[in-house]
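Q: Handing you a structure now.
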Amino acid sequence: MNEFVSILNSYIWSPALVYLCLGVGLYFSVRTRFMQVRGFKEMVRLIFEGRSSESGVSSFQALTIALSGRVGTGNIAGVATAITFGGPGAVFWMWTVAFLGASTAYIESTLAQIYKEKDDNGQYRGGPAYYIEKAMGQSWYAWIFALATAIAMGLLLPGVQANSIASGIQTAWGVEPAVSAAFVVVLLGFIIFGGIKRIALFAEIVVPFMALAYILVALVIVLLNVEQVPGMIALIFKSAFGLEAGFGAVLGLAVQWGVKRGVYSNEAGQGSGPHAAAAAEVSHPAKQGFVQAFSVYIDTLFVCSATAFMLLSTGKYNVIGADGVAIVNNLPGVEAGAAYTQAAVESMLPGFGSTFVALALSFFAFTSIVAYYYIAETNIAYINRKVHRGWLYFVLKIGLLAAVTYGSVRTAGAAWDLGDVGVGIMAWLNIVAILILQKPALLALKDYESQKKSGKEPVFDPDALGIKNASFWQKRLKASRSAVDPSKA
C-alpha cells in the first residue's frame with residue numbers, strides 16, 4: 001500500500017504541477033499588476049476591518065481560520081524535509097512560490113466571495129465547488145472537487161498532522177502515540193461539534209499566539225548566531241541557482257522541493273483557503289481577497305522562514321543527493337523532520353528545544369486539523385445541497401476523528417505521502433478552474449481600486465460589472481436599495 005501511494009504521489013506531484021504552480025502565480029501577478037506589492041498596505045489595513053455577523057465571521061477570524069490550515073507541520077517538519085532533499089536553495093523557491101502565490105490566493109479567495117451563498121442554517125458557504133458550478137456551469141467538475149476535498153481534508157490530511165503531534169510529544173516526553181491520539185480526539189471533538197462560530201473563536205485566539213511565539217523563539221536563535229546570518233543568506237541564494245559548491249547536484253530538486261513544500265504549506269492555488277475566505281462578512285469580495293493574499297506571506301515568509309533560519313544558522317540539518325548519498329551530514333542518523341528543529345533550538349537553549357518544538361508542532365498541527373474539518377464540512381454542505389442527507393455531517397466528524405487516531409500511530413513517511421496525494425489532487429482541479437474563471441476576480445479588483453480611488457467605500461454590484469450568477473450579492477444589493485427606496489423592492 002505504501003509503495004502504491006508513493007508511486008501515485010510521484011505522478012500527481014510531477015514536475016508539471018510544480019512548474020504550473022510557479023507559472024500560474026507569475027501569470028496572476030502580471031494580470032493583477034502585482035497586487036501583492038501594490039496592495040500590501042491595504043492587506044494589512046483590511047485584516048482588522050469588519051465585524052462578524054450572524055451569517056459570517058470577521059475578516060480577521062477568516063484569516064486565522066485560513067492560517068489554521070496553512071500553518072501546520074509543513075512549517076516545521078516540511079521545511080526540514082525540503083532542505084534535506086533540495087538543499088538550502090529550496091528555501092529561496094519557497095519564498096518565490098509564496099510571493100507569486102499571493103496573487104493566486106487573491107484570485108481564488110475573491111472568486112469564493114463572489115459566488116458564496118447561505119446554507120440551510122444561514123451560514124455563509126463558498127469555495128471552489130461553488131464557484132466552479134456557478135461561474136463555469138459545470139456541476140460534474142464541482143462534484144469531483146467537492147468529493148476529492150472532503151476525502152483529502154476529512155480523511156487524508158488529518159493523519160499527517162496527527163502523526164506529527166504524536167511523534168513530537170513522544171520525542172519530548174515519552175508519551176505513547178495512542179495516549180496523544182485520545183487527548184487530541186477529545187479536544188477536537190469538542191471544537192468541531194460546536195460549529196463554525198466555535199472554530200472561528202478558537203482560531204482567533206490560538207493562531208496569532210502560536211505564530212508569534214514561534215517567530216519570537218526563532219528570532220532569539222538567529223540573534224544568538226547573528227555572525228552566521230550573512231553566510232546563511234548567501235548560501236540560500238547560491239544554492240537556489242547551483243552556484244554553491246556541492247549543491248549543484250540538487251539544483252533541480254531545490255526547485256521541486258521548494259515549490260512542493262511551499263504550495264503544501266501556504267496552500268496558494270490548492271483551493272483550501274477560499275473556504276474560509278467565503279465565510280467572511282465583507283462589503284466587497286476583493287477585501288477578503290487582499291486579506292487572504294497576506295496570509296500566504298505570514299505562513300511562508302514569516303513562519304517557514306523562522307524554521308529555515310533556525311536550521312541553517314545552527315547547522316542542524318542534512319542534505320541528501322538524488323543518489324541517496326549525504327552531501328551534508330550534520331545530524332547523522334536523524335530523520336528529516338521536526339527533529340532538526342528540536343536539535344537547532346536545543347543547541348542554543350539547552351533543555352528547552354524538545355519541549356518547545358513539541359508544543360509548537362502540536363499547536364500548529366492541531367489548528368490545521370480544525371481547519372481541515374471546516375473545509376471538508378463546507379464541501380459536504382455543497383454535496384448536501386443536492387442529496388439532502390443531513391447525516392453526512394456526522395459521518396464526516398466520525399471519519400475525521402478516526403483518521404486522526406489512525407494517523408497518530410502510522411509512520412511519518414506514509415502520512416506525508418497520503419497528505420501529498422490529497423494536496424496534489426486539489427491543486428490540479430482548482431488551478432485549472434481559476435485559470436478559466438479568473439475574469440470576475442480581476443473585474444472585482446479593478447472595481448474595488450476604482451471606488452477607493454474616487455473616495456468611496458467600495459460596494460459590490462455584480463450586475464454593473466457583467467458578473468452573472470452572483471446571487472448572494474444581487475440579493476444583498478436589492479435589499480439595500482429597497483431599504484432606501486421601497487419602490488425598488
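Letters for chains follow the order of the C-alpha cells (A, B, ...), residue numbers begin at 1 for each chain, and ligand numbers begin at 1 in the order shown.
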Near Gln161 in chain A, counting only C-alpha atoms, which residues have an atom at most 7 Å away, once you skip same-chain residues fewer than 6 positions from it, shown as number ranges by chain?
A: A: 73, 365-366, 369
Q: Hey, which of A:Leu188, A:Val222, A:Leu235, A:Ala112 ends up closest to Pro440 in chain A? Count only C-alpha atoms.
A: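 Checking each candidate against Pro440 in chain A, we get A:Ala112 as the closest.
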Q: I'd like the contact shell of Thr314 in chain A - 8 Å cut-off, only C-alpha atoms, skipping same-chain residues fewer than 6 positions apart - returned as a PyMOL selection string.
A: chain A and resi 225+344+347
Q: Filtering to N, CA and C atoms, could you give me those residues as a tab-separated table (two decimals), in the first residue's frame?
A:
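Contents of the output file part.tsv:
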chain	number	residue	atom	x	y	z
A	225	ASN	N	23.09	33.59	16.89
A	225	ASN	CA	24.00	33.17	15.83
A	225	ASN	C	24.13	34.25	14.75
A	344	ALA	N	18.11	22.15	16.65
A	344	ALA	CA	18.56	23.53	16.48
A	344	ALA	C	18.28	24.36	17.74
A	347	SER	N	20.39	23.19	20.76
A	347	SER	CA	21.81	23.55	20.69
A	347	SER	C	22.08	24.94	21.26
Q: Have a look at A:Glu346, A:Arg31, A:Leu46, A:Leu443 and name the one nearest to Ala464 in chain A; count only C-alpha atoms.
A: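 Distance minimum relative to Ala464 in chain A lands on A:Leu443.
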Q: Which one of A:Ser265, A:Ser29, A:Ser313, A:Thr405 sits closest to Gly74 in chain A if you count only C-alpha atoms?
A: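 Under the stated criterion, the closest residue is A:Ser265.
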Q: Which residues, written as a list in words, have at least one atom at most 12 Å from Gly390 in chain A, with only C-alpha atoms counted and residues fewer than 3 positions away on the same chain left out?
A: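 Within the cut-off, the hits are Asp120, Asn121, Glu377, Ile380, Ala381, Tyr382, Ile383, Asn384, Arg385, Lys386, Val387, Tyr393, Phe394, Val395 and Leu396 of chain A.
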Q: I need the residues in range 390-483 of chain A that are helix (DSSP H, G or I) according to DSSP; give them as a ChimeraX atom specification.
A: /A:391-408,412-436,438-453,471-483
Q: If we count only C-alpha atoms and set the cut-off at 6 Å, which residues sit around range 98-102 of chain A, ignoring sequence neighbours fewer than 4 positions away in its own chain? Please answer as a PyMOL selection string.
A: chain A and resi 25-26+268+293+296
Q: Using only C-alpha atoms, which protein or nucleic acid residues come within 7 Å of range 419-434 of chain A? Drop anything in the same chain fewer than 3 positions from it, and give the result as a compact mmCIF listing (two decimals) with C-alpha atoms, in the first residue's frame.
A:
# COMPACT_ATOMS: atom_id res chain seq x y z
CA ASN A 9 2.27 10.73 -5.31
CA ILE A 12 0.48 13.74 -9.11
CA TRP A 13 3.46 15.85 -7.98
CA GLU A 108 -9.33 32.10 -5.65
CA PRO A 128 -14.03 26.07 -5.45
CA ILE A 132 -16.98 26.09 -10.40
CA PHE A 145 -13.67 18.79 -6.41
CA ALA A 148 -11.88 14.97 -3.57
CA THR A 149 -11.62 17.75 -0.99
CA ALA A 152 -8.47 14.76 1.33
CA LEU A 156 -6.07 12.04 4.36
CA LEU A 157 -4.54 15.27 5.64
CA VAL A 160 -0.25 13.93 8.59
CA TYR A 264 1.77 22.41 0.66
CA GLY A 269 -3.82 27.62 -5.58
CA GLN A 270 -4.64 24.46 -3.68
CA GLY A 271 -8.23 25.53 -3.14
CA ALA A 415 1.36 10.02 6.41
CA TRP A 416 3.29 12.58 4.34
CA LEU A 437 -12.69 31.68 -14.13
CA GLN A 438 -10.22 34.48 -13.42
Q: Which residues are near Thr355 in chain A? Cut-off 12 Å, only C-alpha atoms, ignore same chain within fewer than 4 positions. Put them as a ChimeraX atom specification.
A: /A:168-174,338-339,341-343,345-346,349-351,359-362
Q: Counting only C-alpha atoms, figure out which residue out of A:Leu311, A:Val404, A:Glu457, A:Asn379 gets nearest to Ala146 in chain A.
A: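 Going through A:Leu311, A:Val404, A:Glu457, A:Asn379 one by one, the smallest distance to Ala146 in chain A is for A:Asn379.
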Q: Just the number, please: distance in Å from CA of Ala371 in chain A to CA of Ile65 in chain A, one decimal.
A: 6.1 Å
Q: If you measure from CA of Ala200 in chain A to CA of Lys118 in chain A, what distance in Å do you get, rounded to one decimal?
A: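 Those two atoms sit 17.2 Å apart.
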